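Raw contents of data21.txt, compact mmCIF, C-alpha atoms and all ligand atoms:
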# COMPACT_ATOMS: atom_id res chain seq x y z
CA MET F 1 -29.30 222.28 -106.96
CA ASN F 2 -30.45 220.53 -103.75
CA ALA F 3 -30.52 222.48 -100.54
CA SER F 4 -28.34 219.81 -98.88
CA VAL F 5 -25.36 220.18 -101.19
CA ALA F 6 -22.10 221.67 -100.00
CA GLN F 7 -20.43 224.79 -101.35
CA PRO F 8 -16.65 224.47 -101.69
CA SER F 9 -14.20 227.22 -100.84
CA VAL F 10 -11.79 228.19 -103.58
CA VAL F 11 -8.15 227.69 -102.56
CA VAL F 12 -4.88 228.17 -104.41
CA ASP F 13 -2.35 225.37 -104.45
CA GLY F 14 0.31 226.19 -107.00
CA GLY F 15 -2.00 228.11 -109.33
CA GLU F 16 -2.57 231.82 -109.91
CA LEU F 17 -4.33 233.89 -107.26
CA ASP F 18 -5.97 236.00 -109.95
CA ARG F 19 -7.55 232.96 -111.54
CA ALA F 20 -8.81 231.85 -108.12
CA ARG F 21 -10.30 235.31 -107.48
CA ARG F 22 -12.07 235.31 -110.83
CA LEU F 23 -13.38 231.80 -110.31
CA ALA F 24 -14.63 232.55 -106.80
CA ALA F 25 -16.46 235.65 -108.04
CA GLN F 26 -17.90 233.84 -111.06
CA LEU F 27 -19.16 230.91 -108.98
CA GLY F 28 -20.18 232.96 -105.95
CA LEU F 29 -17.82 231.01 -103.67
CA GLU F 30 -15.62 232.09 -100.79
CA LEU F 31 -11.91 232.47 -101.54
CA ALA F 32 -10.02 230.86 -98.65
CA ALA F 33 -6.69 232.36 -97.73
CA ASP F 34 -4.62 229.20 -97.88
CA ALA F 35 -4.85 225.52 -98.72
CA ALA F 36 -4.76 224.40 -95.09
CA HIS F 37 -8.45 223.61 -95.04
CA GLY F 38 -8.18 219.87 -95.48
CA ARG F 39 -11.39 219.25 -93.64
CA ARG F 40 -13.46 221.31 -96.01
CA LEU F 41 -14.70 220.81 -99.52
CA ARG F 42 -12.30 222.79 -101.73
CA LEU F 43 -12.11 223.84 -105.34
CA VAL F 44 -8.36 223.83 -105.78
CA VAL F 45 -6.64 226.07 -108.32
CA GLY F 46 -3.48 224.10 -109.04
CA ALA F 47 -0.51 224.91 -111.25
CA ASP F 48 -2.02 223.20 -114.28
CA ARG F 49 -5.49 222.05 -113.30
CA LEU F 50 -8.62 222.67 -111.35
CA SER F 51 -9.75 219.99 -108.95
CA LEU F 52 -12.41 219.38 -106.35
CA ALA F 53 -11.01 218.03 -103.10
CA LEU F 54 -13.32 216.24 -100.72
CA PRO F 55 -12.94 216.88 -96.99
CA ASP F 56 -10.10 214.64 -95.83
CA GLY F 57 -10.54 212.73 -99.05
CA PRO F 58 -9.43 212.40 -102.64
CA ALA F 59 -9.37 215.15 -105.24
CA VAL F 60 -11.28 214.84 -108.47
CA THR F 61 -10.18 216.44 -111.69
CA VAL F 62 -11.26 216.05 -115.31
CA ASP F 63 -8.33 214.45 -117.04
CA PHE F 64 -8.79 213.11 -120.55
CA LEU F 65 -5.13 212.16 -120.77
CA GLY F 66 -4.73 209.70 -117.94
CA GLY F 67 -6.55 207.78 -115.25
CA PRO F 68 -9.76 205.88 -115.95
CA VAL F 69 -10.62 207.94 -119.03
CA ALA F 70 -7.47 206.81 -120.84
CA ARG F 71 -8.75 203.24 -120.57
CA ARG F 72 -12.17 204.09 -121.98
CA GLY F 73 -13.44 202.21 -124.97
CA ARG F 74 -12.15 198.83 -123.87
CA GLY F 75 -14.67 197.48 -121.38
CA ALA F 76 -18.11 195.93 -121.72
CA ARG F 77 -19.78 199.11 -120.46
CA ASP F 78 -18.22 201.30 -123.13
CA GLU F 79 -19.07 198.81 -125.84
CA ALA F 80 -22.63 198.77 -124.52
CA LEU F 81 -22.82 202.58 -124.56
CA GLY F 82 -21.54 202.77 -128.16
CA GLN F 83 -24.10 200.18 -129.24
CA ALA F 84 -26.92 201.85 -127.32
CA ILE F 85 -26.16 205.24 -128.88
CA GLY F 86 -26.09 203.57 -132.29
CA VAL F 87 -22.61 204.49 -133.45
CA GLY F 88 -22.63 201.49 -135.81
CA ARG F 89 -26.02 202.55 -137.11
CA GLY F 90 -25.10 206.00 -138.30
CA VAL F 91 -25.69 208.06 -135.14
CA ARG F 92 -23.20 210.95 -135.27
CA THR F 93 -24.70 213.93 -133.45
CA VAL F 94 -25.46 213.55 -129.76
CA VAL F 95 -26.59 215.80 -126.94
CA ASP F 96 -25.17 214.53 -123.66
CA ALA F 97 -27.74 216.29 -121.49
CA THR F 98 -26.11 215.37 -118.17
CA ALA F 99 -22.44 215.90 -118.94
CA GLY F 100 -21.08 215.70 -115.37
CA LEU F 101 -17.33 215.08 -115.45
CA GLY F 102 -17.44 214.32 -119.17
CA ARG F 103 -16.46 210.66 -119.01
CA ASP F 104 -19.25 209.50 -121.30
CA ALA F 105 -19.05 212.55 -123.57
CA PHE F 106 -15.37 211.82 -124.12
CA LEU F 107 -16.07 208.19 -124.94
CA LEU F 108 -18.72 209.20 -127.46
CA ALA F 109 -16.32 211.69 -129.03
CA THR F 110 -13.69 208.93 -129.17
CA LEU F 111 -16.20 206.84 -131.11
CA GLY F 112 -16.54 209.67 -133.65
CA CYS F 113 -19.67 211.45 -132.40
CA ASP F 114 -20.08 215.23 -132.29
CA VAL F 115 -21.22 215.78 -128.74
CA ARG F 116 -23.03 218.78 -127.27
CA ALA F 117 -22.31 218.31 -123.56
CA VAL F 118 -24.71 220.18 -121.27
CA GLU F 119 -24.05 220.65 -117.56
CA ARG F 120 -26.11 222.85 -115.28
CA ASN F 121 -24.03 222.79 -112.12
CA PRO F 122 -21.55 225.68 -112.49
CA ILE F 123 -18.83 224.01 -110.40
CA VAL F 124 -19.02 220.77 -112.36
CA ALA F 125 -19.12 222.81 -115.58
CA ALA F 126 -15.95 224.66 -114.50
CA LEU F 127 -14.14 221.36 -113.81
CA LEU F 128 -15.25 220.02 -117.18
CA ALA F 129 -14.24 223.18 -119.06
CA ASP F 130 -10.83 223.02 -117.38
CA GLY F 131 -10.34 219.39 -118.48
CA VAL F 132 -11.42 220.10 -122.04
CA ALA F 133 -9.15 223.17 -122.31
CA ARG F 134 -6.17 221.18 -121.03
CA ALA F 135 -6.87 218.27 -123.40
CA ALA F 136 -7.23 220.67 -126.33
CA ARG F 137 -3.56 221.57 -125.92
CA HIS F 138 -2.44 217.94 -126.13
CA PRO F 139 -2.00 216.42 -129.60
CA ALA F 140 -3.03 212.91 -128.46
CA VAL F 141 -6.59 213.98 -127.64
CA ALA F 142 -7.03 217.46 -129.16
CA ALA F 143 -8.96 216.15 -132.18
CA THR F 144 -11.25 214.12 -129.93
CA VAL F 145 -12.13 216.94 -127.54
CA ALA F 146 -12.68 219.26 -130.51
CA ARG F 147 -15.82 217.15 -131.11
CA ILE F 148 -17.17 218.16 -127.69
CA ALA F 149 -19.04 221.46 -127.42
CA LEU F 150 -19.69 222.46 -123.82
CA VAL F 151 -22.85 224.23 -122.79
CA GLU F 152 -23.32 225.43 -119.23
CA GLY F 153 -27.00 225.53 -118.43
CA ASP F 154 -30.15 223.51 -117.99
CA ALA F 155 -30.52 220.79 -120.59
CA VAL F 156 -34.30 221.12 -120.67
CA ALA F 157 -33.93 224.59 -122.20
CA GLU F 158 -30.98 223.55 -124.35
CA LEU F 159 -32.88 220.57 -125.75
CA ALA F 160 -35.81 222.83 -126.67
CA THR F 161 -33.37 225.03 -128.61
CA VAL F 162 -31.84 221.98 -130.29
CA ALA F 163 -35.29 220.65 -131.20
CA GLY F 164 -36.19 224.03 -132.70
CA ALA F 165 -33.06 223.88 -134.85
CA GLY F 166 -33.90 220.47 -136.32
CA GLY F 167 -32.76 218.13 -133.54
CA VAL F 168 -29.87 215.68 -133.23
CA ASP F 169 -29.52 211.97 -133.89
CA ALA F 170 -29.47 210.95 -130.22
CA VAL F 171 -29.87 212.35 -126.73
CA TYR F 172 -28.06 210.69 -123.85
CA LEU F 173 -29.16 210.95 -120.21
CA ASP F 174 -27.16 209.81 -117.19
CA PRO F 175 -29.06 211.33 -114.28
CA MET F 176 -27.99 211.17 -110.65
CA PHE F 177 -29.93 208.47 -108.88
CA PRO F 178 -29.93 207.86 -105.14
CA GLU F 179 -29.62 204.16 -105.81
CA ARG F 180 -26.70 204.50 -108.20
CA GLY F 181 -24.26 203.35 -105.50
CA LYS F 182 -21.11 202.05 -107.12
CA ALA F 183 -22.66 201.94 -110.55
CA SER F 184 -21.00 203.56 -113.51
CA LEU F 185 -18.84 206.37 -112.15
CA ALA F 186 -15.67 205.59 -110.22
CA LYS F 187 -16.33 205.88 -106.51
CA LYS F 188 -14.44 209.12 -105.88
CA ASP F 189 -16.05 210.80 -108.89
CA ALA F 190 -19.46 209.72 -107.63
CA GLN F 191 -18.64 211.08 -104.16
CA ALA F 192 -17.53 214.42 -105.56
CA LEU F 193 -20.63 214.81 -107.71
CA GLN F 194 -22.83 213.75 -104.83
CA ALA F 195 -21.22 216.41 -102.62
CA ILE F 196 -21.88 219.33 -104.94
CA VAL F 197 -24.85 218.20 -107.04
CA GLY F 198 -26.81 216.04 -104.61
CA ASP F 199 -29.33 213.45 -105.66
CA ALA F 200 -31.59 213.22 -108.66
CA GLY F 201 -33.46 216.21 -109.91
CA ASP F 202 -36.70 215.72 -111.75
CA ILE F 203 -35.99 213.36 -114.62
CA GLU F 204 -39.39 213.62 -116.29
CA PRO F 205 -39.00 217.08 -117.91
CA LEU F 206 -35.52 216.10 -119.07
CA PHE F 207 -36.79 212.89 -120.64
CA ALA F 208 -39.68 214.71 -122.31
CA ALA F 209 -37.32 217.35 -123.70
CA ALA F 210 -34.94 214.63 -124.88
CA ARG F 211 -37.76 213.00 -126.83
CA THR F 212 -38.53 216.22 -128.68
CA ALA F 213 -34.87 216.81 -129.64
CA ALA F 214 -33.84 213.28 -130.67
CA ASN F 215 -34.47 212.27 -134.28
CA LYS F 216 -33.35 208.66 -133.84
CA ARG F 217 -33.09 207.65 -130.19
CA VAL F 218 -32.91 208.58 -126.52
CA VAL F 219 -30.56 206.55 -124.33
CA VAL F 220 -30.83 206.47 -120.53
CA LYS F 221 -28.14 205.01 -118.28
CA ARG F 222 -29.47 203.11 -115.28
CA PRO F 223 -27.98 200.94 -112.56
CA ARG F 224 -28.07 197.40 -113.98
CA THR F 225 -31.05 196.13 -112.02
CA ALA F 226 -33.01 199.38 -111.48
CA PRO F 227 -36.38 199.79 -113.17
CA PRO F 228 -36.52 201.86 -116.38
CA ILE F 229 -37.51 205.51 -115.98
CA ALA F 230 -40.32 205.04 -118.50
CA GLU F 231 -42.13 202.19 -120.16
CA SER F 232 -41.71 201.61 -123.87
CA VAL F 233 -38.00 200.80 -123.77
CA SER F 234 -37.16 199.56 -127.27
CA PHE F 235 -34.16 197.52 -126.12
CA SER F 236 -31.31 197.64 -123.61
CA ARG F 237 -27.58 197.09 -123.69
CA VAL F 238 -26.14 195.80 -120.45
CA GLY F 239 -22.66 196.36 -119.00
CA ARG F 240 -21.28 194.83 -115.80
CA SER F 241 -22.94 197.29 -113.42
CA VAL F 242 -25.02 199.56 -115.65
CA ARG F 243 -27.72 199.24 -118.25
CA PHE F 244 -28.45 201.55 -121.20
CA ASP F 245 -32.14 201.74 -122.06
CA VAL F 246 -32.80 202.78 -125.65
CA TYR F 247 -36.00 204.54 -126.69
CA LEU F 248 -36.18 204.54 -130.49
CA VAL F 249 -37.98 207.44 -132.14
CA PRO F 250 -40.76 205.98 -134.28
C1 LIG F 301 -24.32 211.25 -112.96
S1 LIG F 301 -23.73 212.77 -113.52
C2 LIG F 301 -23.27 212.43 -115.17
C3 LIG F 301 -21.93 211.78 -115.31
C4 LIG F 301 -21.45 211.77 -116.74
N1 LIG F 301 -22.24 210.88 -117.57
C5 LIG F 301 -19.99 211.40 -116.84
O1 LIG F 301 -19.67 210.50 -117.62
O2 LIG F 301 -19.16 212.02 -116.15
C6 LIG F 301 -25.18 213.72 -113.73
C7 LIG F 301 -24.89 215.18 -114.06
O3 LIG F 301 -26.02 215.71 -114.72
C8 LIG F 301 -26.19 217.05 -114.32
N2 LIG F 301 -27.60 217.38 -114.58
C9 LIG F 301 -28.70 216.86 -114.00
N3 LIG F 301 -29.82 217.42 -114.51
C10 LIG F 301 -29.41 218.30 -115.47
C11 LIG F 301 -30.10 219.18 -116.34
N4 LIG F 301 -31.43 219.28 -116.34
N5 LIG F 301 -29.37 219.96 -117.18
C12 LIG F 301 -28.01 219.86 -117.20
N6 LIG F 301 -27.30 219.06 -116.36
C13 LIG F 301 -28.00 218.27 -115.51
C14 LIG F 301 -25.81 217.04 -112.85
O4 LIG F 301 -25.43 218.35 -112.40
C15 LIG F 301 -24.63 216.05 -112.84
O5 LIG F 301 -23.40 216.72 -113.00
Using the file provided, produce a representation of the structure as structure tokens.
Amino acid sequence: MNASVAQPSVVVDGGELDRARRLAAQLGLELAADAAHGRRLRLVVGADRLSLALPDGPAVTVDFLGGPVARRGRGARDEALGQAIGVGRGVRTVVDATAGLGRDAFLLATLGCDVRAVERNPIVAALLADGVARAARHPAVAATVARIALVEGDAVAELATVAGAGGVDAVYLDPMFPERGKASLAKKDAQALQAIVGDAGDIEPLFAAARTAANKRVVVKRPRTAPPIAESVSFSRVGRSVRFDVYLVP
């Protein structure tokens, strides 16, 4: 995690104090006495969901039942991601090595992939786990989220384990990039991730690990006009604001 990133306080707003206490202890965060801290970054324990509220700004939650995720699968970007991953070419097992808020993992699961979703930031991982657990109780999406296995930890290590166990069809990388701007994630999601994760980490070890674990292809999401992270791109699929670079395994 970058030194510049903020640490939210945990606050209760309709949820259980015990859950908030456990979460604060688990994440090493301060438990604030009440929700009247609108000017601070807050991890809010609500009646039915966990959310991250930006100072004086919107709250972000992982919701696979409504909002932008419910519309996934219909736009040019989603079509491009499905093609880049190779869903029509028999790719079924995927490691999403930068799971974030799970938007892309959910789309891939919707397309029939079994997705191992790896997230190293514990706060982001907690938001994602909360969204998956909630979705698992809802018949409309339970079967889809059952295809997502969450792993909290560093994907470099996880990919080494996966490689040792025979690998997967594809590895997907959507790293944070300073230049990502409005690309790909909705603006408030991008703001929330930026606040607690910061900018890009080192992509090179992740890419190298991805190459050892992928049996068919590695796919890297980039802002549409940004340079590729490595030469030897086999081909790209382009959405309105993002591009998916595909590195086929020879
Ligand atoms: C841009 S976000 C991904 C957004 C995601 N594709 C989605 O649809 O919500 C990048 C995420 O990757 C995570 N990340 C970056 N490097 C990682 C690593 N080596 N292992 C695991 N997670 C990593 C960051 O913490 C951040 O949450």
Which residues are near ligand LIG 301 (chain F) - at most 7 Å, using only C-alpha atoms and all ligand atoms? Format: as number ranges by chain.
F: 97-105, 118-121, 124, 153-156, 174-176, 185, 193, 197, 201, 206
Excluding F:Glu30 and any residue of its chain fewer than 5 positions from it, enumerate the residues within 8 Å of it, using all atoms listed in the file, and give them as a VMD selection string.
chain F and resid 8 to 10 24
Hey, which of F:Val145, F:Val168, F:Val238, F:Val11 ends up closest to F:Leu23? Count all atoms listed in the file.
F:Val11
Which is closer to F:Glu152 than all the others in F:Ala140, F:Leu173, F:Val60, F:Ala125, using only C-alpha atoms?
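Selected residue with least distance to F:Glu152: F:Ala125.
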For each of F:Val242, F:Leu111, F:Ile85, F:Val171, take the minimum atom-to-atom distance to F:Arg224, counting all atoms listed in the file, then give the residue where this is smallest.
F:Val242
So, with all atoms listed in the file as the atoms that count, which of F:Ala230, F:Ala213, F:Leu107, F:Ala170 lies closest to F:Gly86?
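Among the listed residues, F:Ala170 lies closest to F:Gly86.
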